[in-house]
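Trainee: Enclosed is the structure file protein03.csv (CSV, C-alpha atoms).
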```csv
chain,number,residue,atom,x,y,z
A,1,MET,CA,109.3,121.0,128.0
A,2,ASN,CA,111.5,124.1,128.2
A,3,GLU,CA,111.2,127.3,126.1
A,4,ALA,CA,113.7,126.1,123.6
A,5,ASP,CA,111.7,122.9,123.0
A,6,ILE,CA,108.5,124.9,122.7
A,7,ASP,CA,110.1,127.2,120.0
A,8,ALA,CA,111.6,124.2,118.2
A,9,ASP,CA,108.2,122.4,118.2
A,10,ALA,CA,106.5,125.5,116.9
A,11,THR,CA,109.0,125.7,114.0
A,12,ASP,CA,108.5,122.0,113.3
A,13,ARG,CA,104.7,122.4,113.2
A,14,MET,CA,105.1,125.3,110.7
A,15,LEU,CA,107.3,123.2,108.5
A,16,LEU,CA,104.8,120.3,108.7
A,17,GLN,CA,102.0,122.6,107.6
A,18,ARG,CA,104.1,123.7,104.6
A,19,MET,CA,104.9,120.1,103.8
A,20,ALA,CA,101.2,119.3,103.8
A,21,ALA,CA,100.8,122.0,101.2
A,22,GLY,CA,103.5,120.4,99.1
A,23,ASP,CA,106.4,122.6,100.0
A,24,ARG,CA,109.6,120.6,99.4
A,25,THR,CA,111.8,123.3,100.8
A,26,ALA,CA,110.1,122.8,104.2
A,27,LEU,CA,110.7,119.1,103.8
A,28,SER,CA,114.4,119.7,103.2
A,29,VAL,CA,114.7,121.9,106.2
A,30,LEU,CA,113.0,119.4,108.5
A,31,TYR,CA,115.1,116.6,107.0
A,32,ARG,CA,118.4,118.3,107.6
A,33,GLY,CA,117.2,119.4,111.1
A,34,TYR,CA,116.5,115.8,112.1
A,35,HIS,CA,119.2,113.9,110.2
A,36,GLY,CA,121.8,114.0,112.9
A,37,ARG,CA,119.6,112.9,115.8
A,38,LEU,CA,117.9,110.2,113.7
A,39,CYS,CA,121.4,108.9,112.6
A,40,ARG,CA,122.4,108.7,116.3
A,41,PHE,CA,119.0,107.3,117.4
A,42,LEU,CA,119.0,104.6,114.7
A,43,SER,CA,122.6,103.7,115.3
A,44,ARG,CA,121.4,102.4,118.7
A,45,LEU,CA,119.3,99.9,116.6
A,46,THR,CA,121.8,98.9,113.9
A,47,ARG,CA,125.4,99.7,113.0
A,48,ARG,CA,124.7,99.4,109.2
A,49,PRO,CA,124.8,102.9,107.6
A,50,ASP,CA,122.9,101.7,104.5
A,51,ILE,CA,119.9,100.6,106.7
A,52,ILE,CA,120.1,103.9,108.7
A,53,GLU,CA,119.9,105.9,105.5
A,54,GLU,CA,117.1,103.8,104.2
A,55,VAL,CA,115.1,104.2,107.4
A,56,ILE,CA,115.6,107.9,107.6
A,57,ASN,CA,114.3,108.2,104.0
A,58,ASP,CA,111.4,105.9,104.8
A,59,CYS,CA,110.6,108.0,107.8
A,60,PHE,CA,110.5,111.3,105.9
A,61,TRP,CA,108.7,109.7,103.0
A,62,ILE,CA,105.9,108.8,105.5
A,63,ALA,CA,106.1,112.2,107.1
A,64,TRP,CA,105.7,113.8,103.7
A,65,GLN,CA,102.7,111.7,102.9
A,66,LYS,CA,101.0,112.2,106.3
A,67,ALA,CA,102.0,115.7,107.2
A,68,ASP,CA,98.4,116.9,106.9
A,69,ASN,CA,97.3,114.1,109.3
A,70,PHE,CA,99.4,115.5,112.1
A,71,HIS,CA,96.9,116.8,114.7
A,72,GLY,CA,99.4,118.0,117.3
A,73,ASP,CA,98.6,115.4,119.9
A,74,SER,CA,102.3,115.2,120.6
A,75,ARG,CA,105.4,117.1,119.8
A,76,VAL,CA,106.5,116.9,116.1
A,77,SER,CA,109.8,115.4,117.3
A,78,THR,CA,107.9,112.7,119.2
A,79,TRP,CA,105.9,111.9,116.1
A,80,ILE,CA,108.9,111.8,113.8
A,81,MET,CA,110.9,109.7,116.2
A,82,GLY,CA,108.0,107.3,116.5
A,83,ILE,CA,107.8,106.9,112.7
A,84,ALA,CA,111.6,106.4,112.6
A,85,TYR,CA,111.4,103.7,115.4
A,86,ARG,CA,108.8,101.7,113.6
A,87,CYS,CA,110.6,102.1,110.2
A,88,GLY,CA,113.8,100.9,112.0
A,89,LEU,CA,112.1,97.8,113.4
A,90,LYS,CA,110.6,97.0,110.1
A,91,ALA,CA,113.9,97.4,108.3
A,92,LEU,CA,115.6,95.2,110.9
A,93,ARG,CA,113.0,92.5,110.3
A,94,GLN,CA,113.7,92.8,106.6
A,95,HIS,CA,117.4,93.0,106.7
A,96,GLY,CA,118.2,91.1,109.8
A,97,ASP,CA,119.4,92.9,112.9
A,98,GLU,CA,122.9,91.6,112.9
A,99,PRO,CA,125.3,94.5,113.1
A,100,VAL,CA,128.2,94.5,110.7
A,101,GLU,CA,131.6,93.8,112.1
A,102,ASP,CA,133.6,96.7,113.2
A,103,ASP,CA,136.1,95.9,110.4
A,104,ALA,CA,133.4,96.4,107.8
A,105,ILE,CA,132.7,99.9,109.1
A,106,PRO,CA,134.8,102.5,107.2
A,107,ASP,CA,137.5,104.1,109.2
A,108,ASP,CA,136.2,107.6,108.3
A,109,ARG,CA,132.9,106.9,110.1
A,110,THR,CA,134.4,108.5,113.2
A,111,PRO,CA,134.3,112.3,112.7
A,112,ALA,CA,137.7,113.8,112.0
A,113,HIS,CA,137.2,116.4,114.6
A,114,ASP,CA,136.6,113.8,117.3
A,115,PRO,CA,138.9,114.9,120.1
A,116,GLY,CA,140.6,112.3,122.3
A,117,GLU,CA,138.2,112.8,125.2
A,118,ASP,CA,135.1,112.3,123.0
A,119,ARG,CA,136.6,109.2,121.5
A,120,GLU,CA,137.3,107.8,125.0
A,121,LEU,CA,133.8,108.6,126.0
A,122,ARG,CA,132.3,107.1,122.9
A,123,ASP,CA,134.3,103.9,123.5
A,124,TRP,CA,133.2,103.8,127.1
A,125,LEU,CA,129.6,104.2,126.1
A,126,GLY,CA,129.8,101.7,123.3
A,127,LYS,CA,131.1,98.9,125.6
A,128,GLY,CA,128.2,99.6,128.0
A,129,MET,CA,125.6,99.8,125.3
A,130,ASP,CA,126.7,96.4,124.0
A,131,ARG,CA,125.4,94.9,127.2
A,132,LEU,CA,121.9,96.3,126.6
A,133,SER,CA,119.0,95.0,124.6
A,134,ALA,CA,117.9,97.1,121.6
A,135,ASP,CA,114.9,98.4,123.4
A,136,GLN,CA,117.0,99.4,126.4
A,137,ARG,CA,119.5,101.2,124.1
A,138,VAL,CA,116.6,103.0,122.4
A,139,VAL,CA,115.2,104.2,125.8
A,140,VAL,CA,118.6,105.4,126.9
A,141,GLU,CA,119.1,107.3,123.7
A,142,LEU,CA,115.6,108.9,123.9
A,143,VAL,CA,115.9,109.9,127.5
A,144,TYR,CA,119.6,110.9,127.8
A,145,GLY,CA,120.4,111.7,124.2
A,146,VAL,CA,117.2,113.4,122.8
A,147,GLY,CA,115.8,114.4,126.2
A,148,HIS,CA,112.3,112.9,125.9
A,149,SER,CA,110.1,112.3,128.9
A,150,LEU,CA,108.8,108.8,129.9
A,151,ASP,CA,105.4,109.7,128.3
A,152,ASP,CA,107.1,110.7,125.0
A,153,VAL,CA,109.1,107.5,124.9
A,154,ALA,CA,105.9,105.5,125.6
A,155,VAL,CA,104.3,107.2,122.6
A,156,ILE,CA,107.4,106.6,120.4
A,157,MET,CA,107.7,103.0,121.3
A,158,GLN,CA,103.9,102.4,121.5
A,159,CYS,CA,104.1,100.7,124.9
A,160,PRO,CA,102.9,101.6,128.4
A,161,VAL,CA,104.8,104.1,130.5
A,162,GLY,CA,105.5,101.4,133.0
A,163,THR,CA,107.3,99.3,130.4
A,164,VAL,CA,109.5,102.3,129.5
A,165,LYS,CA,110.2,102.9,133.2
A,166,ALA,CA,111.3,99.3,133.6
A,167,ARG,CA,113.5,99.4,130.5
A,168,LEU,CA,115.2,102.5,131.7
A,169,PHE,CA,115.7,101.1,135.2
A,170,HIS,CA,117.3,97.9,134.0
A,171,ALA,CA,119.4,99.7,131.4
A,172,ARG,CA,120.7,102.0,134.2
A,173,VAL,CA,121.5,99.1,136.5
A,174,LYS,CA,123.4,97.2,133.7
A,175,LEU,CA,125.3,100.3,132.7
A,176,ARG,CA,126.2,101.1,136.3
A,177,ASN,CA,127.6,97.6,136.8
A,178,VAL,CA,129.6,97.7,133.6
A,179,LEU,CA,130.7,101.3,133.0
A,180,PRO,CA,132.6,102.1,136.2
A,181,ALA,CA,135.0,99.2,135.6
A,182,LEU,CA,135.5,100.2,132.0
A,183,ALA,CA,136.1,103.8,133.2
A,184,GLY,CA,138.9,102.5,135.4
A,185,GLU,CA,137.1,102.9,138.7
A,186,SER,CA,137.4,100.3,141.3
A,187,ARG,CA,133.8,100.3,142.3
A,188,ALA,CA,132.0,97.1,141.3
A,189,THR,CA,128.4,96.8,142.1
A,190,LYS,CA,126.5,93.6,142.2
A,191,GLU,CA,123.1,94.8,142.9
A,192,SER,CA,120.3,92.5,142.2
A,193,VAL,CA,117.4,93.5,140.1
A,194,SER,CA,114.1,92.1,141.0
B,1,MET,CA,112.6,97.0,142.1
B,2,THR,CA,115.7,97.2,144.3
B,3,PHE,CA,117.5,100.5,143.8
B,4,PRO,CA,121.2,100.1,143.3
B,5,THR,CA,122.2,103.2,145.3
B,6,GLY,CA,121.8,103.5,149.1
B,7,SER,CA,119.0,101.7,150.7
B,8,GLY,CA,117.4,104.8,152.0
B,9,ARG,CA,114.1,106.1,150.7
B,10,ASP,CA,115.7,109.3,149.7
B,11,CYS,CA,118.3,107.4,147.6
B,12,ALA,CA,115.5,105.7,145.7
B,13,ARG,CA,113.9,109.1,145.1
B,14,ALA,CA,117.2,110.5,144.0
B,15,TRP,CA,117.8,107.6,141.6
B,16,GLU,CA,114.5,108.3,139.9
B,17,ALA,CA,115.0,112.0,139.7
B,18,MET,CA,118.5,112.0,138.2
B,19,PRO,CA,117.6,111.6,134.4
B,20,TRP,CA,115.0,114.3,134.5
B,21,VAL,CA,117.2,116.7,136.5
B,22,LEU,CA,120.0,116.0,134.1
B,23,GLN,CA,117.9,116.8,131.0
B,24,GLN,CA,116.6,119.9,132.9
B,25,SER,CA,112.9,118.8,132.6
B,26,ALA,CA,112.5,118.3,136.3
B,27,PRO,CA,110.7,120.9,138.4
B,28,GLN,CA,113.0,123.4,140.1
B,29,GLU,CA,112.1,122.1,143.6
B,30,GLN,CA,113.0,118.6,142.6
B,31,SER,CA,116.3,119.7,141.2
B,32,ASP,CA,117.0,121.6,144.4
B,33,TRP,CA,116.1,118.7,146.6
B,34,LEU,CA,118.4,116.4,144.6
B,35,MET,CA,121.3,118.7,144.9
B,36,GLU,CA,120.8,118.8,148.6
B,37,HIS,CA,120.6,115.1,148.8
B,38,LEU,CA,123.8,114.6,146.7
B,39,ALA,CA,125.7,117.0,149.0
B,40,GLY,CA,125.2,114.5,151.8
B,41,CYS,CA,125.2,111.1,150.0
B,42,GLU,CA,128.4,109.9,148.5
B,43,SER,CA,126.8,106.9,146.8
B,44,CYS,CA,124.2,109.0,145.0
B,45,ARG,CA,126.8,111.6,144.2
B,46,ALA,CA,128.9,108.9,142.4
B,47,GLU,CA,125.8,107.7,140.6
B,48,TYR,CA,125.0,111.2,139.5
B,49,GLU,CA,128.5,111.7,138.2
B,50,GLN,CA,128.2,108.6,136.2
B,51,GLN,CA,124.8,109.6,134.9
B,52,SER,CA,126.2,112.9,133.8
B,53,ARG,CA,129.0,111.1,132.0
B,54,LEU,CA,126.4,108.8,130.4
B,55,ARG,CA,124.4,111.8,129.2
B,56,ARG,CA,127.5,113.5,127.7
B,57,ALA,CA,128.5,110.2,126.0
B,58,VAL,CA,125.0,109.6,124.6
B,59,SER,CA,124.7,113.2,123.4
B,60,LEU,CA,127.9,113.0,121.2
B,61,PRO,CA,127.2,113.3,117.5
B,62,SER,CA,126.6,110.0,115.7
B,63,ASP,CA,129.8,108.2,114.6
B,64,MET,CA,128.0,107.0,111.5
B,65,ALA,CA,129.2,108.9,108.4
B,66,ILE,CA,126.0,109.4,106.6
B,67,ASP,CA,125.7,112.3,104.2
B,68,ALA,CA,122.4,114.1,104.7
B,69,ASN,CA,122.6,115.8,101.2
B,70,VAL,CA,122.9,112.4,99.5
B,71,GLY,CA,120.0,111.0,101.4
B,72,LEU,CA,117.8,114.1,100.8
B,73,LYS,CA,118.5,113.9,97.1
B,74,ARG,CA,117.4,110.3,97.0
B,75,LEU,CA,114.3,111.2,99.0
B,76,LEU,CA,113.3,114.0,96.7
B,77,ALA,CA,113.8,111.6,93.7
B,78,ARG,CA,111.6,109.1,95.5
B,79,LEU,CA,108.8,111.6,95.9
B,80,ASP,CA,108.6,112.0,92.2
B,81,ALA,CA,108.1,108.3,91.7
B,82,PRO,CA,106.9,107.0,95.1
B,83,GLU,CA,105.3,103.7,94.1
B,84,PRO,CA,108.2,102.1,92.3
B,85,GLN,CA,110.4,103.0,95.1
B,86,VAL,CA,108.3,101.4,97.8
B,87,ALA,CA,107.9,98.1,96.1
B,88,PRO,CA,111.5,96.9,96.1
B,89,LEU,CA,111.8,97.3,99.8
B,90,ARG,CA,109.3,94.5,100.3
B,91,ALA,CA,110.3,92.6,97.2
B,92,ARG,CA,113.8,92.1,98.6
B,93,SER,CA,112.8,89.8,101.4
B,94,SER,CA,109.5,88.4,100.3
B,95,GLY,CA,109.9,88.4,96.5
B,96,TRP,CA,110.9,84.7,96.3
B,97,LEU,CA,107.9,83.7,98.4
B,98,THR,CA,105.5,85.7,96.3
B,99,ARG,CA,106.9,84.3,93.1
B,100,ALA,CA,106.7,80.7,94.5
B,101,LEU,CA,103.1,81.2,95.6
B,102,VAL,CA,102.1,82.7,92.2
B,103,ALA,CA,103.8,79.7,90.4
B,104,ALA,CA,101.9,77.3,92.7
B,105,VAL,CA,98.6,79.0,91.9
B,106,LEU,CA,99.3,78.9,88.2
B,107,VAL,CA,100.2,75.2,88.3
B,108,GLN,CA,97.0,74.5,90.2
B,109,ALA,CA,94.9,76.6,87.8
B,110,LEU,CA,96.4,74.7,84.8
B,111,GLY,CA,95.7,71.3,86.5
B,112,ILE,CA,92.1,72.3,87.3
B,113,GLY,CA,91.7,73.5,83.7
B,114,ALA,CA,93.0,70.3,82.2
B,115,LEU,CA,90.8,68.2,84.5
B,116,GLY,CA,87.8,70.3,83.6
B,117,MET,CA,88.5,69.9,79.8
B,118,LYS,CA,88.8,66.1,80.3
B,119,LEU,CA,85.6,65.9,82.2
B,120,TRP,CA,83.8,68.1,79.7
B,121,SER,CA,84.9,66.0,76.8
B,122,ASP,CA,84.1,62.7,78.5
B,123,GLY,CA,80.5,64.0,79.2
B,124,ASP,CA,79.5,63.6,75.5
B,125,GLY,CA,80.3,59.9,75.3
B,126,ALA,CA,78.7,58.2,78.2
B,127,MET,CA,80.0,54.7,79.0
B,128,TYR,CA,76.4,53.3,79.1
B,129,HIS,CA,73.1,53.8,77.3
B,130,THR,CA,69.4,53.0,78.0
B,131,LEU,CA,67.1,51.1,75.8
B,132,SER,CA,65.1,54.2,75.2
B,133,GLN,CA,68.1,56.3,74.4
B,134,GLU,CA,68.4,57.5,70.8
B,135,THR,CA,71.4,56.4,68.8
B,136,ALA,CA,74.1,58.8,68.2
B,137,SER,CA,73.3,59.4,64.6
B,138,PRO,CA,69.7,60.2,63.5
B,139,ALA,CA,67.8,57.5,61.7
B,140,PRO,CA,68.0,57.7,57.9
B,141,PRO,CA,64.8,58.9,56.2
B,142,GLY,CA,62.3,56.0,55.5
B,143,ALA,CA,64.1,53.6,57.8
B,144,ILE,CA,62.2,50.6,59.2
B,145,HIS,CA,62.9,48.4,62.1
B,146,VAL,CA,62.4,44.8,61.1
B,147,VAL,CA,62.6,41.8,63.3
B,148,PRO,CA,62.8,38.5,61.4
B,149,ASP,CA,61.9,35.3,63.0
B,150,ALA,CA,64.8,33.1,64.2
B,151,THR,CA,63.7,30.3,61.9
B,152,MET,CA,63.8,32.5,58.8
B,153,LYS,CA,66.4,31.4,56.4
B,154,LEU,CA,69.0,33.8,55.2
B,155,ALA,CA,68.0,33.2,51.6
B,156,ASP,CA,64.4,34.1,52.3
B,157,TRP,CA,65.6,37.2,54.1
B,158,ASN,CA,67.8,38.3,51.2
B,159,ALA,CA,65.0,37.5,48.7
B,160,LEU,CA,62.6,39.6,50.7
B,161,LEU,CA,65.0,42.6,50.8
B,162,ARG,CA,65.6,42.3,47.0
B,163,THR,CA,61.8,42.1,46.3
B,164,LEU,CA,61.0,45.1,48.4
B,165,GLN,CA,64.2,46.9,47.3
B,166,LEU,CA,65.5,47.4,50.8
B,167,GLN,CA,68.9,47.6,52.2
B,168,VAL,CA,70.1,46.7,55.7
B,169,VAL,CA,71.9,49.7,57.3
B,170,GLY,CA,72.0,48.6,60.9
B,171,GLY,CA,71.4,45.8,63.3
B,172,PRO,CA,70.7,43.4,64.6
B,173,ASN,CA,70.4,45.3,67.9
B,174,ASP,CA,69.9,43.8,71.3
B,175,VAL,CA,66.4,42.7,70.5
B,176,GLY,CA,67.3,41.3,67.1
B,177,ALA,CA,65.9,44.2,65.0
B,178,TYR,CA,67.5,45.2,61.7
B,179,THR,CA,67.3,48.7,60.4
B,180,VAL,CA,66.5,48.8,56.7
B,181,ILE,CA,66.0,51.7,54.3
B,182,PRO,CA,64.5,51.8,50.7
B,183,LEU,CA,67.2,51.7,48.0
B,184,HIS,CA,65.7,54.3,45.7
B,185,SER,CA,63.2,56.4,47.5
B,186,ALA,CA,63.7,58.6,50.6
B,187,SER,CA,60.4,57.6,52.2
B,188,THR,CA,58.9,54.3,53.1
B,189,SER,CA,55.6,53.6,51.5
B,190,GLN,CA,52.8,52.1,53.5
B,191,ALA,CA,52.7,49.3,51.0
B,192,THR,CA,56.2,48.2,51.8
B,193,LEU,CA,55.4,48.1,55.5
B,194,GLN,CA,52.3,46.1,54.9
B,195,GLN,CA,54.2,43.7,52.6
B,196,LEU,CA,56.8,43.2,55.3
B,197,ARG,CA,54.2,42.6,58.0
B,198,ALA,CA,52.5,40.2,55.7
B,199,THR,CA,55.6,38.2,54.9
B,200,ARG,CA,56.0,34.9,56.7
B,201,GLY,CA,58.9,34.9,59.1
B,202,ILE,CA,58.7,38.7,59.9
B,203,ARG,CA,57.7,39.2,63.4
B,204,LEU,CA,57.7,43.0,63.5
B,205,ALA,CA,58.1,45.9,61.0
B,206,GLU,CA,57.8,49.4,62.2
B,207,PRO,CA,58.9,52.7,60.7
B,208,VAL,CA,61.6,54.4,62.6
B,209,THR,CA,60.6,57.8,64.0
B,210,ASP,CA,62.9,60.3,65.7
B,211,ALA,CA,60.3,61.1,68.3
B,212,PRO,CA,59.2,58.3,70.6
```
Show this structure as structure tokens.
Mentor:
Amino acid sequence: MNEADIDADATDRMLLQRMAAGDRTALSVLYRGYHGRLCRFLSRLTRRPDIIEEVINDCFWIAWQKADNFHGDSRVSTWIMGIAYRCGLKALRQHGDEPVEDDAIPDDRTPAHDPGEDRELRDWLGKGMDRLSADQRVVVELVYGVGHSLDDVAVIMQCPVGTVKARLFHARVKLRNVLPALAGESRATKESVS
Amino acid sequence: MTFPTGSGRDCARAWEAMPWVLQQSAPQEQSDWLMEHLAGCESCRAEYEQQSRLRRAVSLPSDMAIDANVGLKRLLARLDAPEPQVAPLRARSSGWLTRALVAAVLVQALGIGALGMKLWSDGDGAMYHTLSQETASPAPPGAIHVVPDATMKLADWNALLRTLQLQVVGGPNDVGAYTVIPLHSASTSQATLQQLRATRGIRLAEPVTDAP
């Protein structure tokens, strides 16, 4: 954890303490601070915006209720991501985990400022992520996107570190086999995974 | 696990180190070692390039257009009325099942209730009786059980009843006993009993008592 992470966690803890005292402004600050990363994290589980919004609100509703139960065993971000992950799985069980068709997703979902390179990168990633299981996508997001350690991811997903390690390994192998071809590179690897 | 990069031990080590070096959480010496290794290993260098690209791609903002302000407004409204907001989430998927179970329980309760009522009402009127069992209605005051002889003529029986001013109100029962009561008085005189017992053709005459 670098200094920026330590500072961010200290701020989050202070906000949680104020939330435990009933401060809704602190809740609003924390909500806005996490909304973007939770949207992206949950988009690895489902492509339905309505479910994502519902899960984010379920997550912060629980965080509001249990703010005084946070004892600091982990980073606040790990705690919140864990709640969001469990709420996400629960929502998928209730709603079904079938993603909506791309046609059903509004065209304006892609940010207007998305430059061509980002769009190409996003498409490249999307085609690779399609080959992964939901758990593998979540691990990739948490490690590469959010920057969590293996231990953090194990806490979030409530599984052994070895399981996280295996999911990350298999996800990387799959992406390596798929992404170069999609990126126009000639290398095609056929490594076996044992 | 078989590592997809070069078969060397250093390549396996490099493969494992890449994510943590990329997210800048690896120790400095590990980062330095990886850079050195990449300088001399084309396969791992290509892998690291791809990992860097993967990290850039994953780190792009979400492509889902979800308004944080709208969500926050809903959350704050939910905090004011938390309970009613939680219930529909579960009700959407399991509501029909809950309703079906409640309906089944109600139907069962009604059935059990109806059977219970039927059993309770049947309990008052048993389909059998014992010889010692009291009749349903209490014996009238002054009633006498009289057993005439089988050879007694009907005319003699009627004459006896008229003489003693008695009236048949029941019988004959299983043992041939008639229940008679006085026509005008509420109690049976001892004299009436003795007259009955003294009459030829009367085998038994006993006052009816409620207690055995």
Trainee: Rounded to one decimal, what separation in Å do you get between CA of Leu121 (chain A) and CA of Val58 (chain B)?
Mentor: 9.0 Å
Trainee: Tell me which protein, DNA and RNA residues are within 8 Å of Leu175 (chain A), counting all atoms listed in the file, leaving out same-chain ones fewer than 6 positions away, and put them as a list in words.
Mentor: Gly128, Met129 and Arg131 of chain A
Trainee: Go ahead and dump the residues you just picked, C-alpha atoms, as a PDB file, in the frame of the given file.
Mentor:
```pdb
ATOM      1  CA  GLY A 128     128.200  99.600 128.000  1.00  0.00           C
ATOM      2  CA  MET A 129     125.600  99.800 125.300  1.00  0.00           C
ATOM      3  CA  ARG A 131     125.400  94.900 127.200  1.00  0.00           C
TER       4      ARG A 131
END
```
Trainee: From the list B:Gln51, B:Ser59, B:Leu34, B:Glu42, which residue is nearest chain A when using only C-alpha atoms?
Mentor: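 Among the listed residues, B:Ser59 lies closest to chain A.
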Trainee: Show which residues sit within 9 Å of Trp124 (chain A), as a PyMOL selection string. Count all atoms listed in the file, and ignore same-chain residues fewer than 3 positions away.
Mentor: (chain A and resi 119-121+127-129+179+182-183) or (chain B and resi 57)
Trainee: How would the residues just picked look written out with C-alpha atoms as a PDB file, keeping the file's coordinate frame?
Mentor:
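Contents of result-v7.pdb, as written:
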```pdb
ATOM      1  CA  ARG A 119     136.600 109.200 121.500  1.00  0.00           C
ATOM      2  CA  GLU A 120     137.300 107.800 125.000  1.00  0.00           C
ATOM      3  CA  LEU A 121     133.800 108.600 126.000  1.00  0.00           C
ATOM      4  CA  LYS A 127     131.100  98.900 125.600  1.00  0.00           C
ATOM      5  CA  GLY A 128     128.200  99.600 128.000  1.00  0.00           C
ATOM      6  CA  MET A 129     125.600  99.800 125.300  1.00  0.00           C
ATOM      7  CA  LEU A 179     130.700 101.300 133.000  1.00  0.00           C
ATOM      8  CA  LEU A 182     135.500 100.200 132.000  1.00  0.00           C
ATOM      9  CA  ALA A 183     136.100 103.800 133.200  1.00  0.00           C
TER      10      ALA A 183
ATOM     11  CA  ALA B  57     128.500 110.200 126.000  1.00  0.00           C
TER      12      ALA B  57
END
```
Trainee: Smallest atom-to-atom distance to chain B: which of A:Ser74, A:Asn57, A:Gln136, A:Thr163, using only C-alpha atoms?
Mentor: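 Smallest distance to chain B is found for A:Asn57.
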Trainee: With all atoms listed in the file as the basis for distance, which of A:Ser149, A:Glu117, A:Asp50, A:Val76 is at the shortest distance from Met14 (chain A)?
Mentor: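 The closest residue to Met14 (chain A) is A:Val76.
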Trainee: In Å, rounded to a single decimal, give me how far CA of Thr78 (chain A) is from CA of Ala17 (chain B).
Mentor: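 Separation of CA of Ala17 (chain B) and CA of Thr78 (chain A): 21.7 Å.
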Trainee: Would you mind listing, as a ChimeraX atom specification, all residues of chain B that have at least one atom within 8 Å of chain A, where all atoms listed in the file are what counts?
Mentor: /B:1-4,19-20,23,25,47,50,54-55,57-66,68,71-72,74-75,79,90,93
Trainee: Could you dump the residues just selected with C-alpha atoms as a PDB file, in the coordinates of the input?
Mentor:
```
ATOM      1  CA  MET B   1     112.600  97.000 142.100  1.00  0.00           C
ATOM      2  CA  THR B   2     115.700  97.200 144.300  1.00  0.00           C
ATOM      3  CA  PHE B   3     117.500 100.500 143.800  1.00  0.00           C
ATOM      4  CA  PRO B   4     121.200 100.100 143.300  1.00  0.00           C
ATOM      5  CA  PRO B  19     117.600 111.600 134.400  1.00  0.00           C
ATOM      6  CA  TRP B  20     115.000 114.300 134.500  1.00  0.00           C
ATOM      7  CA  GLN B  23     117.900 116.800 131.000  1.00  0.00           C
ATOM      8  CA  SER B  25     112.900 118.800 132.600  1.00  0.00           C
ATOM      9  CA  GLU B  47     125.800 107.700 140.600  1.00  0.00           C
ATOM     10  CA  GLN B  50     128.200 108.600 136.200  1.00  0.00           C
ATOM     11  CA  LEU B  54     126.400 108.800 130.400  1.00  0.00           C
ATOM     12  CA  ARG B  55     124.400 111.800 129.200  1.00  0.00           C
ATOM     13  CA  ALA B  57     128.500 110.200 126.000  1.00  0.00           C
ATOM     14  CA  VAL B  58     125.000 109.600 124.600  1.00  0.00           C
ATOM     15  CA  SER B  59     124.700 113.200 123.400  1.00  0.00           C
ATOM     16  CA  LEU B  60     127.900 113.000 121.200  1.00  0.00           C
ATOM     17  CA  PRO B  61     127.200 113.300 117.500  1.00  0.00           C
ATOM     18  CA  SER B  62     126.600 110.000 115.700  1.00  0.00           C
ATOM     19  CA  ASP B  63     129.800 108.200 114.600  1.00  0.00           C
ATOM     20  CA  MET B  64     128.000 107.000 111.500  1.00  0.00           C
ATOM     21  CA  ALA B  65     129.200 108.900 108.400  1.00  0.00           C
ATOM     22  CA  ILE B  66     126.000 109.400 106.600  1.00  0.00           C
ATOM     23  CA  ALA B  68     122.400 114.100 104.700  1.00  0.00           C
ATOM     24  CA  GLY B  71     120.000 111.000 101.400  1.00  0.00           C
ATOM     25  CA  LEU B  72     117.800 114.100 100.800  1.00  0.00           C
ATOM     26  CA  ARG B  74     117.400 110.300  97.000  1.00  0.00           C
ATOM     27  CA  LEU B  75     114.300 111.200  99.000  1.00  0.00           C
ATOM     28  CA  LEU B  79     108.800 111.600  95.900  1.00  0.00           C
ATOM     29  CA  ARG B  90     109.300  94.500 100.300  1.00  0.00           C
ATOM     30  CA  SER B  93     112.800  89.800 101.400  1.00  0.00           C
TER      31      SER B  93
END
```
Trainee: Kindly give the distance, in Å, that separates CA of Pro172 (chain B) and CA of Ala191 (chain B), rounded to a single decimal.
Mentor: 23.3 Å
Trainee: Could you check which of A:Ala10, A:Met19, A:Val153, A:Ala134 is closest to Asn69 (chain A), using all atoms listed in the file?
Mentor: A:Met19
Trainee: I need the residue nearest Arg86 (chain A) from this list: A:Asp68, A:Asp5, A:Asp12, A:Leu45. Use all atoms listed in the file for the distance.
Mentor: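 That would be A:Leu45, the residue with the smallest distance to Arg86 (chain A).
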Trainee: Taking 6 positions as the minimum chain separation for residues in the same chain, which residues sit within 12 Å of Ala198 (chain B) when counting all atoms listed in the file? Answer as a list in words.
Mentor: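 Skipping anything fewer than 6 positions along the chain leaves Pro148, Leu160, Ala191, Thr192, Leu204 and Ala205 of chain B.
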Trainee: Determine, counting all atoms listed in the file, every residue of protein, DNA or RNA that lies within 12 Å of (56.8, 35.6, 60.8) in the file coordinates, then give the result as a list in words.
Mentor: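 Every polymer residue passing the test: Val146, Val147, Pro148, Asp149, Ala150, Thr151, Met152, Lys153, Asp156, Trp157, Gln195, Leu196, Arg197, Ala198, Thr199, Arg200, Gly201, Ile202, Arg203, Leu204 and Ala205 of chain B.
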Trainee: Could you tell me, as a VMD selection string, which residues have any atom at most 12 Å from (120.9, 114.6, 148.7), counting only C-alpha atoms?
Mentor: chain B and resid 5 to 6 8 to 15 17 to 18 30 to 48
